[in-house]
Each structure stands twice: as C-alpha cells, then as structure tokens.
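Colleague: The file below is start-v3.txt, compact mmCIF, C-alpha atoms and all ligand atoms:
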# COMPACT_ATOMS: atom_id res chain seq x y z
CA MET A 1462 -0.16 -6.35 -11.69
CA ALA A 1463 1.26 -4.74 -8.54
CA THR A 1464 -1.36 -3.82 -5.93
CA SER A 1465 -0.78 -0.05 -6.12
CA ALA A 1466 -1.13 0.06 -9.93
CA TRP A 1467 -4.36 -1.94 -9.66
CA LEU A 1468 -5.72 0.35 -6.93
CA TRP A 1469 -4.87 3.41 -9.02
CA GLN A 1470 -6.84 1.98 -11.94
CA GLU A 1471 -9.82 1.28 -9.70
CA ALA A 1472 -9.92 4.92 -8.55
CA GLN A 1473 -9.69 6.51 -12.03
CA PRO A 1474 -13.38 7.50 -12.35
CA ILE A 1475 -13.09 9.47 -9.09
CA PHE A 1476 -9.72 10.93 -10.03
CA ALA A 1477 -11.18 12.22 -13.31
CA ARG A 1478 -13.88 14.05 -11.32
CA ILE A 1479 -11.22 15.53 -9.01
CA LEU A 1480 -9.19 16.86 -11.95
CA ASP A 1481 -12.32 18.46 -13.35
CA HIS A 1482 -13.37 20.00 -10.04
CA PRO A 1483 -13.62 23.83 -10.12
CA PHE A 1484 -11.40 24.16 -7.03
CA VAL A 1485 -8.62 22.13 -8.67
CA ARG A 1486 -9.03 23.89 -12.02
CA GLY A 1487 -8.88 27.23 -10.21
CA LEU A 1488 -5.62 26.22 -8.51
CA GLY A 1489 -4.25 25.35 -11.94
CA ASP A 1490 -5.12 28.58 -13.75
CA GLY A 1491 -4.80 30.92 -10.77
CA SER A 1492 -8.49 31.90 -10.83
CA LEU A 1493 -9.45 30.29 -7.49
CA PRO A 1494 -10.97 32.93 -5.20
CA ARG A 1495 -8.56 33.69 -2.33
CA GLU A 1496 -11.26 33.23 0.31
CA LYS A 1497 -11.93 29.68 -0.85
CA PHE A 1498 -8.21 28.91 -0.67
CA ARG A 1499 -8.04 30.38 2.83
CA PHE A 1500 -10.92 28.13 3.91
CA TYR A 1501 -9.15 25.12 2.36
CA LEU A 1502 -5.85 26.03 4.02
CA CYS A 1503 -7.37 26.14 7.51
CA GLN A 1504 -9.26 22.86 7.07
CA ASP A 1505 -6.23 21.18 5.53
CA TYR A 1506 -4.05 22.25 8.45
CA VAL A 1507 -6.23 20.46 10.98
CA TYR A 1508 -6.54 17.55 8.56
CA LEU A 1509 -2.72 17.33 8.48
CA ILE A 1510 -2.47 17.28 12.26
CA ALA A 1511 -4.61 14.11 12.22
CA TYR A 1512 -2.61 12.80 9.26
CA CYS A 1513 0.57 13.14 11.37
CA ARG A 1514 -1.05 11.08 14.13
CA VAL A 1515 -1.80 8.37 11.54
CA PHE A 1516 1.90 8.16 10.61
CA ALA A 1517 2.86 8.09 14.30
CA LEU A 1518 0.44 5.21 14.94
CA ALA A 1519 1.74 3.37 11.86
CA ALA A 1520 5.33 3.79 13.10
CA ALA A 1521 4.31 2.31 16.46
CA LYS A 1522 2.75 -0.69 14.71
CA ALA A 1523 5.69 -1.34 12.35
CA ASP A 1524 7.23 -4.83 12.49
CA ASP A 1525 10.70 -3.74 11.42
CA LEU A 1526 12.98 -0.73 11.73
CA GLU A 1527 12.94 0.10 8.02
CA THR A 1528 9.13 0.49 8.08
CA MET A 1529 9.34 2.46 11.33
CA ARG A 1530 11.90 4.79 9.73
CA MET A 1531 9.69 5.25 6.67
CA PHE A 1532 6.68 6.31 8.72
CA SER A 1533 8.76 8.54 10.97
CA THR A 1534 10.17 10.28 7.86
CA LEU A 1535 6.63 10.76 6.53
CA LEU A 1536 5.63 12.21 9.91
CA GLU A 1537 8.64 14.54 9.91
CA GLU A 1538 8.08 15.67 6.31
CA THR A 1539 4.38 16.34 6.94
CA LEU A 1540 4.95 18.19 10.24
CA HIS A 1541 7.73 20.33 8.86
CA THR A 1542 7.91 20.59 5.05
CA GLU A 1543 4.23 20.20 4.12
CA MET A 1544 2.75 22.11 7.06
CA ASP A 1545 5.33 24.87 6.52
CA ILE A 1546 3.73 25.55 3.13
CA HIS A 1547 0.44 26.11 4.96
CA ARG A 1548 2.11 28.31 7.58
CA GLN A 1549 3.71 30.42 4.83
CA TYR A 1550 0.40 30.84 2.99
CA ALA A 1551 -1.31 31.68 6.27
CA ALA A 1552 1.27 34.41 6.93
CA ARG A 1553 0.24 35.99 3.60
CA PHE A 1554 -3.32 36.10 4.93
CA GLY A 1555 -2.04 37.66 8.15
CA MET A 1556 -2.74 34.49 10.14
CA ALA A 1557 -0.48 33.08 12.86
CA PRO A 1558 0.12 29.29 13.02
CA GLU A 1559 -1.85 29.18 16.29
CA GLU A 1560 -4.86 30.57 14.46
CA LEU A 1561 -4.59 27.77 11.88
CA GLU A 1562 -4.46 25.23 14.70
CA ARG A 1563 -7.62 26.65 16.26
CA THR A 1564 -9.67 25.96 13.08
CA GLU A 1565 -12.93 24.19 13.88
CA PRO A 1566 -12.93 21.06 11.69
CA ALA A 1567 -15.88 21.14 9.26
CA PRO A 1568 -18.10 18.03 8.80
CA VAL A 1569 -16.11 16.55 5.89
CA THR A 1570 -12.81 17.12 7.71
CA VAL A 1571 -14.20 15.34 10.77
CA SER A 1572 -15.41 12.36 8.70
CA TYR A 1573 -12.23 12.09 6.64
CA THR A 1574 -9.86 12.27 9.62
CA SER A 1575 -12.06 9.86 11.59
CA PHE A 1576 -11.81 7.35 8.74
CA LEU A 1577 -8.01 7.67 8.64
CA LEU A 1578 -7.62 7.47 12.41
CA LYS A 1579 -9.95 4.47 12.67
CA THR A 1580 -7.86 2.71 10.02
CA ALA A 1581 -4.65 3.62 11.86
CA TYR A 1582 -5.95 2.31 15.21
CA ALA A 1583 -7.70 -0.84 13.97
CA GLY A 1584 -6.03 -1.75 10.68
CA THR A 1585 -2.91 -3.58 9.56
CA ILE A 1586 0.13 -1.79 8.12
CA ALA A 1587 -1.18 -2.64 4.61
CA ASP A 1588 -4.58 -1.13 5.48
CA ILE A 1589 -2.95 2.10 6.68
CA LEU A 1590 -0.78 2.24 3.55
CA ALA A 1591 -3.81 1.85 1.27
CA ALA A 1592 -5.72 4.61 3.09
CA VAL A 1593 -2.88 7.17 3.12
CA LEU A 1594 -1.65 6.32 -0.37
CA SER A 1595 -4.86 7.68 -1.90
CA CYS A 1596 -4.23 11.07 -0.20
CA GLN A 1597 -0.54 11.34 -0.95
CA TRP A 1598 -0.67 9.99 -4.48
CA SER A 1599 -3.69 12.01 -5.62
CA TYR A 1600 -2.01 15.29 -4.53
CA HIS A 1601 1.20 14.43 -6.39
CA GLU A 1602 -0.66 13.50 -9.58
CA ILE A 1603 -2.91 16.58 -9.44
CA ALA A 1604 0.11 18.86 -9.04
CA LEU A 1605 2.05 17.10 -11.82
CA ARG A 1606 -0.88 17.52 -14.20
CA LEU A 1607 -1.44 21.18 -13.28
CA LYS A 1608 2.25 21.86 -13.83
CA ALA A 1609 2.33 20.02 -17.16
CA ALA A 1610 -0.80 21.89 -18.37
CA GLY A 1611 1.14 25.14 -17.95
CA ASN A 1612 -2.02 27.26 -17.46
CA SER A 1613 -0.78 28.97 -14.34
CA PRO A 1614 0.21 32.65 -14.68
CA ALA A 1615 3.74 33.42 -13.41
CA ASP A 1616 2.27 35.53 -10.60
CA SER A 1617 -0.38 33.03 -9.47
CA PRO A 1618 -0.34 32.65 -5.66
CA TYR A 1619 -0.92 28.94 -6.14
CA ASN A 1620 2.37 28.18 -7.92
CA ALA A 1621 4.10 27.41 -4.61
CA TRP A 1622 1.35 24.85 -3.84
CA ILE A 1623 1.73 23.21 -7.27
CA ASP A 1624 5.54 23.17 -7.07
CA ALA A 1625 5.56 21.63 -3.59
CA TYR A 1626 3.23 18.76 -4.40
CA ALA A 1627 4.75 18.15 -7.86
CA SER A 1628 8.28 18.04 -6.41
CA ASP A 1629 10.55 15.01 -6.65
CA GLU A 1630 10.80 15.00 -2.85
CA PHE A 1631 7.04 14.60 -2.51
CA GLY A 1632 7.06 12.04 -5.34
CA ARG A 1633 9.65 10.00 -3.42
CA LEU A 1634 7.31 9.74 -0.43
CA VAL A 1635 4.57 8.43 -2.75
CA ARG A 1636 7.01 5.91 -4.24
CA TRP A 1637 7.92 4.64 -0.77
CA LEU A 1638 4.29 4.09 0.15
CA ARG A 1639 3.63 2.30 -3.13
CA ASP A 1640 6.70 0.08 -2.91
CA LYS A 1641 5.94 -0.89 0.68
CA LEU A 1642 2.32 -1.70 -0.09
CA ASP A 1643 3.30 -3.70 -3.19
CA ALA A 1644 5.90 -5.70 -1.25
CA LEU A 1645 3.53 -6.43 1.63
CA THR A 1646 0.67 -7.53 -0.60
CA ALA A 1647 2.45 -9.49 -3.34
CA HIS A 1648 0.64 -12.65 -2.17
CA ALA A 1649 -2.50 -11.09 -0.71
CA SER A 1650 -5.71 -13.10 -0.72
CA GLU A 1651 -8.73 -11.93 -2.71
CA ALA A 1652 -10.43 -10.93 0.55
CA GLU A 1653 -7.46 -8.80 1.59
CA LYS A 1654 -7.28 -7.16 -1.84
CA ALA A 1655 -10.99 -6.32 -1.68
CA ARG A 1656 -10.46 -4.68 1.74
CA LEU A 1657 -7.52 -2.63 0.43
CA ARG A 1658 -9.57 -1.54 -2.57
CA ASP A 1659 -12.33 -0.42 -0.27
CA LEU A 1660 -9.91 1.65 1.84
CA PHE A 1661 -8.18 3.19 -1.18
CA VAL A 1662 -11.43 4.07 -2.95
CA THR A 1663 -12.93 5.46 0.27
CA GLY A 1664 -9.83 7.66 0.62
CA PHE A 1665 -10.34 8.88 -2.94
CA ARG A 1666 -14.02 9.59 -2.31
CA PHE A 1667 -13.04 11.68 0.70
CA GLU A 1668 -10.46 13.51 -1.42
CA TYR A 1669 -13.25 14.50 -3.81
CA LEU A 1670 -15.47 15.54 -0.91
CA PHE A 1671 -12.66 17.64 0.57
CA TRP A 1672 -12.29 19.68 -2.66
CA GLU A 1673 -16.05 20.07 -2.82
CA MET A 1674 -16.20 21.16 0.83
CA ALA A 1675 -13.50 23.77 0.18
CA TRP A 1676 -15.27 25.05 -2.94
CA GLN A 1677 -18.58 25.38 -1.06
CA GLU A 1678 -16.82 26.57 2.14
CA ALA A 1679 -19.09 24.03 3.84
CA ARG A 1680 -19.09 24.60 7.58
CA TRP A 1681 -21.42 23.14 10.22
CA PRO A 1682 -24.88 24.54 9.46
CA LEU A 1683 -25.81 24.79 13.16
C1 LIG B 1 -7.09 16.48 2.17
C2 LIG B 1 -5.62 16.22 1.84
N1 LIG B 1 -5.26 15.07 1.22
C3 LIG B 1 -3.93 14.87 0.96
C4 LIG B 1 -2.97 15.76 1.29
C5 LIG B 1 -1.51 15.53 0.97
N2 LIG B 1 -0.80 15.13 2.12
C6 LIG B 1 -3.38 16.92 1.94
N3 LIG B 1 -2.53 17.90 2.31
N4 LIG B 1 -4.73 17.16 2.20
Have the structure of the file written as structure tokens, please.
Ligand SMILES: Cc1ncc(CN)c(N)n1
Modeller:
Amino acid sequence: MATSAWLWQEAQPIFARILDHPFVRGLGDGSLPREKFRFYLCQDYVYLIAYCRVFALAAAKADDLETMRMFSTLLEETLHTEMDIHRQYAARFGMAPEELERTEPAPVTVSYTSFLLKTAYAGTIADILAAVLSCQWSYHEIALRLKAAGNSPADSPYNAWIDAYASDEFGRLVRWLRDKLDALTAHASEAEKARLRDLFVTGFRFEYLFWEMAWQEARWPL
C-alpha cells in the first residue's frame, strides 16, 4: 500500500472525531455561531502565516527543481488564494487584514505552529510532507463531505469556505503532496515509516485540537 493511503487509514479514528465535532457540523449546516467563526478565522490566519514559512523552508531544502516548484506553488496558493478567503471573511466582520495579522496566537495555535516549524527546520522533505499532508488533506476531505451531505442552506455564510476547500484546485495540491510523499517513501524502512506515522497522526491530533480550541474560543487564561 502507498504510504499516504496507509497514513490516512491510521488517522481514521481521529478523523471520525473531527467530522463529528460541533464546530465542523456547524460549518456544514450553517448553524455555527458567527463569533466562534470569527475567533477561528483570526487564529487560522496566524496559523497560515506559519504554514507559509513551512513551505518556504521546504522549498529551500528541496533536492530538485520540481520539488522546489511544488513547494513554491503551495506557498503562493496559501499566501494568495487561501488567505484571501480569510481576508474576504474578515472584511464581512469589518476587520482589516492588518487586524487579522495582529491576532495573538492562542495556546493551541502556538503548539501546532511550533510543531510544524520544528519539523520544517529539523526534518527531511518526507517528514515535512507527512506533517503538512495531515492539514491539507483533512480540510479537503471535511469540505468534500460537508458538500456531499448537502445540509448547508443556500444563504449560509460558510458556503464559500466549503466550496474553497472542496475545490478541484485545492484537491490538486493534496494530490501533489501525496504523490511526492509516496514516491519518496516507496522503499522506506520500518523506522522511517514509524516516524512518518507519528508526524501525520500528531498533525491530525492538532487538527482536532484546533477545532476544539475554536469551538471553546480558548485563549490564554492569564
Ligand atoms: C488549522 C488548519 N489546518 C489546515 C488548513 C488548510 N491549509 C488550515 N487553513 N488551517
């Protein structure tokens, strides 16, 4: 079995909990309180700034131009297309992009971005791919499922979010990451596979924690 398909299987218990999370269900049926989405949006914006740095570091570490191009496209798409969605939502809340940037990262955002940045600085290209694949892939699959369920009212403010992450363009970025990881790890040792599993599952655990943080609007208590 290809590495990415195996990793996906390993993360299924966590993915099931994500799909059942009240924040995700609220995105899907339009019932999510706007204030919780606003909190999420601000935290996700600063998360994405760190995520861009991860792609930039991966591009710098790439052994060949094709891999460098792939990471620079991911960086470009995140900086422009994905973060534009956030900027557009923020405008609806009357927030300027600078205000989004000034968000104080909450504890889970700090831990999650620290994990990704540590992997980007210290890990191999395969390590980085495993860590970011859990983020990118889980969003695409969540959005595909929410779209297929068809529970979202036509006037739900969250339809743009679902459409963006369910899009073929976003799906292509996931496919790239998967294909690259599968090619790099076709002959990986058991030890390397165990490390990749650890990174992928840790990414998934953080994804769950991020939804929970947004639902609870969990800021620093002090
Ligand atoms: C927390 C999180 N994880 C993943 C994604 C999709 N790039 C995101 N925007 N935010």
Colleague: Kindly indicate which residue among A:Thr1663, A:Gln1677, A:Ser1492, A:Thr1539 lies nearest to ligand LIG 1 (chain B), using all atoms listed in the file for the distances.
Modeller: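 The answer is A:Thr1539, which sits nearest to ligand LIG 1 (chain B).
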Colleague: Enumerate, in order of chain and increasing residue number, the residues of chain A with an atom no farther than 10 Å from ligand LIG 1 (chain B), each with its shortest atom pair and distance in Å to one decimal, counting all atoms listed in the file, as JSON lines.
Modeller:
{"residue": "A:Tyr1501", "atom": "CA", "partner": "B:LIG1", "partner_atom": "C1", "distance": 8.9}
{"residue": "A:Leu1502", "atom": "CA", "partner": "B:LIG1", "partner_atom": "N3", "distance": 8.9}
{"residue": "A:Gln1504", "atom": "CA", "partner": "B:LIG1", "partner_atom": "C1", "distance": 8.3}
{"residue": "A:Asp1505", "atom": "CA", "partner": "B:LIG1", "partner_atom": "N4", "distance": 5.4}
{"residue": "A:Tyr1506", "atom": "CA", "partner": "B:LIG1", "partner_atom": "N3", "distance": 7.7}
{"residue": "A:Val1507", "atom": "CA", "partner": "B:LIG1", "partner_atom": "N4", "distance": 9.5}
{"residue": "A:Tyr1508", "atom": "CA", "partner": "B:LIG1", "partner_atom": "C1", "distance": 6.5}
{"residue": "A:Leu1509", "atom": "CA", "partner": "B:LIG1", "partner_atom": "N3", "distance": 6.2}
{"residue": "A:Ile1510", "atom": "CA", "partner": "B:LIG1", "partner_atom": "N3", "distance": 10.0}
{"residue": "A:Tyr1512", "atom": "CA", "partner": "B:LIG1", "partner_atom": "N2", "distance": 7.7}
{"residue": "A:Cys1513", "atom": "CA", "partner": "B:LIG1", "partner_atom": "N2", "distance": 9.6}
{"residue": "A:Leu1535", "atom": "CA", "partner": "B:LIG1", "partner_atom": "N2", "distance": 9.7}
{"residue": "A:Glu1538", "atom": "CA", "partner": "B:LIG1", "partner_atom": "N2", "distance": 9.8}
{"residue": "A:Thr1539", "atom": "CA", "partner": "B:LIG1", "partner_atom": "N2", "distance": 7.2}
{"residue": "A:Glu1543", "atom": "CA", "partner": "B:LIG1", "partner_atom": "N3", "distance": 7.4}
{"residue": "A:Met1544", "atom": "CA", "partner": "B:LIG1", "partner_atom": "N3", "distance": 8.3}
{"residue": "A:Ile1546", "atom": "CA", "partner": "B:LIG1", "partner_atom": "N3", "distance": 9.9}
{"residue": "A:His1547", "atom": "CA", "partner": "B:LIG1", "partner_atom": "N3", "distance": 9.1}
{"residue": "A:Val1569", "atom": "CA", "partner": "B:LIG1", "partner_atom": "C1", "distance": 9.8}
{"residue": "A:Thr1570", "atom": "CA", "partner": "B:LIG1", "partner_atom": "C1", "distance": 8.0}
{"residue": "A:Tyr1573", "atom": "CA", "partner": "B:LIG1", "partner_atom": "C1", "distance": 8.1}
{"residue": "A:Thr1574", "atom": "CA", "partner": "B:LIG1", "partner_atom": "C1", "distance": 9.0}
{"residue": "A:Val1593", "atom": "CA", "partner": "B:LIG1", "partner_atom": "C3", "distance": 8.1}
{"residue": "A:Leu1594", "atom": "CA", "partner": "B:LIG1", "partner_atom": "C3", "distance": 8.9}
{"residue": "A:Ser1595", "atom": "CA", "partner": "B:LIG1", "partner_atom": "C3", "distance": 7.8}
{"residue": "A:Cys1596", "atom": "CA", "partner": "B:LIG1", "partner_atom": "C3", "distance": 4.0}
{"residue": "A:Gln1597", "atom": "CA", "partner": "B:LIG1", "partner_atom": "C5", "distance": 4.7}
{"residue": "A:Trp1598", "atom": "CA", "partner": "B:LIG1", "partner_atom": "C5", "distance": 7.8}
{"residue": "A:Ser1599", "atom": "CA", "partner": "B:LIG1", "partner_atom": "C3", "distance": 7.2}
{"residue": "A:Tyr1600", "atom": "CA", "partner": "B:LIG1", "partner_atom": "C5", "distance": 5.5}
{"residue": "A:His1601", "atom": "CA", "partner": "B:LIG1", "partner_atom": "C5", "distance": 7.9}
{"residue": "A:Tyr1626", "atom": "CA", "partner": "B:LIG1", "partner_atom": "C5", "distance": 7.9}
{"residue": "A:Phe1631", "atom": "CA", "partner": "B:LIG1", "partner_atom": "N2", "distance": 9.1}
{"residue": "A:Val1635", "atom": "CA", "partner": "B:LIG1", "partner_atom": "N2", "distance": 9.9}
{"residue": "A:Gly1664", "atom": "CA", "partner": "B:LIG1", "partner_atom": "N1", "distance": 8.7}
{"residue": "A:Phe1665", "atom": "CA", "partner": "B:LIG1", "partner_atom": "N1", "distance": 9.0}
{"residue": "A:Phe1667", "atom": "CA", "partner": "B:LIG1", "partner_atom": "C1", "distance": 7.8}
{"residue": "A:Glu1668", "atom": "CA", "partner": "B:LIG1", "partner_atom": "C1", "distance": 5.8}
{"residue": "A:Tyr1669", "atom": "CA", "partner": "B:LIG1", "partner_atom": "C1", "distance": 8.8}
{"residue": "A:Leu1670", "atom": "CA", "partner": "B:LIG1", "partner_atom": "C1", "distance": 9.0}
{"residue": "A:Phe1671", "atom": "CA", "partner": "B:LIG1", "partner_atom": "C1", "distance": 5.9}
{"residue": "A:Trp1672", "atom": "CA", "partner": "B:LIG1", "partner_atom": "C1", "distance": 7.8}
{"residue": "A:Ala1675", "atom": "CA", "partner": "B:LIG1", "partner_atom": "C1", "distance": 9.9}
Colleague: Taking 3 positions as the minimum chain separation for residues in the same chain, which residues sit within 9 Å of Asn1612 (chain A) when counting all atoms listed in the file? Answer as number ranges by chain.
Modeller: A: 1489-1491, 1607-1609
Colleague: Listing only residues of region 1480-1599 of chain A within 12 Å of region 1645-1659 of chain A, what is the closest atom pair and its distance in Å (to one decimal) for each, using all atoms listed in the file, sorted by chain and residue number ascending, as a Markdown table?
Modeller:
| residue | atom | partner | partner_atom | distance |
| --- | --- | --- | --- | --- |
| A:Asp1524 | CA | A:Leu1645 | CA | 11.6 |
| A:Thr1528 | CA | A:Leu1645 | CA | 11.0 |
| A:Phe1576 | CA | A:Asp1659 | CA | 11.9 |
| A:Thr1580 | CA | A:Leu1657 | CA | 11.0 |
| A:Gly1584 | CA | A:Leu1657 | CA | 10.4 |
| A:Thr1585 | CA | A:Leu1657 | CA | 10.3 |
| A:Ile1586 | CA | A:Leu1645 | CA | 8.7 |
| A:Ala1587 | CA | A:Leu1645 | CA | 6.7 |
| A:Asp1588 | CA | A:Leu1657 | CA | 6.0 |
| A:Ile1589 | CA | A:Leu1657 | CA | 9.1 |
| A:Leu1590 | CA | A:Leu1657 | CA | 8.9 |
| A:Ala1591 | CA | A:Leu1657 | CA | 5.9 |
| A:Ala1592 | CA | A:Leu1657 | CA | 7.9 |
| A:Val1593 | CA | A:Leu1657 | CA | 11.2 |
| A:Leu1594 | CA | A:Leu1657 | CA | 10.7 |
| A:Ser1595 | CA | A:Arg1658 | CA | 10.4 |
Colleague: Please give the centre and size of the box around region 1620-1628 of chain A (axis-aligned, containing every atom listed in the file, 5 Å added per side), with values in Å to one decimal and written as JSON.
Modeller:
{"center_x": 4.8, "center_y": 23.1, "center_z": -5.8, "size_x": 16.9, "size_y": 20.1, "size_z": 14.3}
Colleague: State, in Å with one decimal place, the distance from CA of Leu1526 (chain A) to CA of Tyr1582 (chain A).
Modeller: 19.5 Å
Colleague: Could you check which of A:Ala1615, A:Ala1581, A:Met1462, A:Ala1557 is closest to Ala1523 (chain A), using all atoms listed in the file?
Modeller: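 When distances to Ala1523 (chain A) are compared using all atoms listed in the file, the smallest one comes from A:Ala1581.
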Colleague: Rounded to one decimal place, report the CA of Leu1634 (chain A)-CA of Ala1621 (chain A) distance in Å.
Modeller: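 We find that CA of Leu1634 (chain A) and CA of Ala1621 (chain A) lie 18.4 Å from each other.
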Colleague: Could you check the closest approach to Glu1602 (chain A) for each of A:His1482, A:Leu1518, A:Asn1620, A:Gly1632 and tell me which residue wins, using all atoms listed in the file?
Modeller: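 When distances to Glu1602 (chain A) are compared using all atoms listed in the file, the smallest one comes from A:Gly1632.
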Colleague: As an exercise, work out the distance from CA of His1541 (chain A) to CA of Glu1560 (chain A) in Å and give it to one decimal place.
Modeller: 17.2 Å
Colleague: For Leu1561 (chain A), which residue among A:Ala1463, A:Ala1610, A:Ala1511, A:Cys1503 is the nearest when counting all atoms listed in the file?
Modeller: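 The shortest atom-to-atom distance to Leu1561 (chain A) comes from A:Cys1503.
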Colleague: Find, counting only C-alpha atoms, the residue in A:Leu1577, A:Pro1682, A:Lys1641, A:Tyr1550 that gets nearest to Arg1495 (chain A).
Modeller: A:Tyr1550
Colleague: Identify which of the residues A:Ala1567, A:Ala1517, A:Leu1683, A:Met1531 lies closest to Arg1636 (chain A), counting all atoms listed in the file when measuring atom-to-atom distances.
Modeller: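 Closest candidate: A:Met1531.
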Colleague: Any chance you could build region 1563-1576 of chain A out to N, CA and C atoms and write it as a PDB file, in the frame of the given file?
Modeller:
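Saved file result-v5.pdb follows:
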ATOM      1  N   ARG A1563      -6.334  26.489  15.566  1.00  0.00           N
ATOM      2  CA  ARG A1563      -7.620  26.650  16.260  1.00  0.00           C
ATOM      3  C   ARG A1563      -8.825  26.465  15.331  1.00  0.00           C
ATOM      4  N   THR A1564      -8.576  26.142  14.038  1.00  0.00           N
ATOM      5  CA  THR A1564      -9.670  25.960  13.080  1.00  0.00           C
ATOM      6  C   THR A1564     -10.653  24.904  13.575  1.00  0.00           C
ATOM      7  N   GLU A1565     -11.946  25.227  13.527  1.00  0.00           N
ATOM      8  CA  GLU A1565     -12.930  24.190  13.880  1.00  0.00           C
ATOM      9  C   GLU A1565     -13.081  23.265  12.676  1.00  0.00           C
ATOM     10  N   PRO A1566     -12.804  21.969  12.837  1.00  0.00           N
ATOM     11  CA  PRO A1566     -12.930  21.060  11.690  1.00  0.00           C
ATOM     12  C   PRO A1566     -14.381  21.016  11.190  1.00  0.00           C
ATOM     13  N   ALA A1567     -14.561  21.180   9.888  1.00  0.00           N
ATOM     14  CA  ALA A1567     -15.880  21.140   9.260  1.00  0.00           C
ATOM     15  C   ALA A1567     -16.320  19.664   9.120  1.00  0.00           C
ATOM     16  N   PRO A1568     -17.611  19.424   8.805  1.00  0.00           N
ATOM     17  CA  PRO A1568     -18.100  18.030   8.800  1.00  0.00           C
ATOM     18  C   PRO A1568     -17.268  17.062   7.949  1.00  0.00           C
ATOM     19  N   VAL A1569     -16.880  17.481   6.748  1.00  0.00           N
ATOM     20  CA  VAL A1569     -16.110  16.550   5.890  1.00  0.00           C
ATOM     21  C   VAL A1569     -14.727  16.290   6.489  1.00  0.00           C
ATOM     22  N   THR A1570     -14.135  17.305   7.086  1.00  0.00           N
ATOM     23  CA  THR A1570     -12.810  17.120   7.710  1.00  0.00           C
ATOM     24  C   THR A1570     -12.921  16.123   8.867  1.00  0.00           C
ATOM     25  N   VAL A1571     -13.992  16.263   9.651  1.00  0.00           N
ATOM     26  CA  VAL A1571     -14.200  15.340  10.770  1.00  0.00           C
ATOM     27  C   VAL A1571     -14.359  13.906  10.242  1.00  0.00           C
ATOM     28  N   SER A1572     -15.182  13.732   9.195  1.00  0.00           N
ATOM     29  CA  SER A1572     -15.410  12.360   8.700  1.00  0.00           C
ATOM     30  C   SER A1572     -14.141  11.770   8.092  1.00  0.00           C
ATOM     31  N   TYR A1573     -13.431  12.607   7.304  1.00  0.00           N
ATOM     32  CA  TYR A1573     -12.230  12.090   6.640  1.00  0.00           C
ATOM     33  C   TYR A1573     -11.155  11.704   7.664  1.00  0.00           C
ATOM     34  N   THR A1574     -10.903  12.588   8.643  1.00  0.00           N
ATOM     35  CA  THR A1574      -9.860  12.270   9.620  1.00  0.00           C
ATOM     36  C   THR A1574     -10.286  11.107  10.517  1.00  0.00           C
ATOM     37  N   SER A1575     -11.597  10.995  10.771  1.00  0.00           N
ATOM     38  CA  SER A1575     -12.060   9.860  11.590  1.00  0.00           C
ATOM     39  C   SER A1575     -11.818   8.543  10.847  1.00  0.00           C
ATOM     40  N   PHE A1576     -12.068   8.551   9.554  1.00  0.00           N
ATOM     41  CA  PHE A1576     -11.810   7.350   8.740  1.00  0.00           C
ATOM     42  C   PHE A1576     -10.318   6.976   8.798  1.00  0.00           C
TER      43      PHE A1576
END
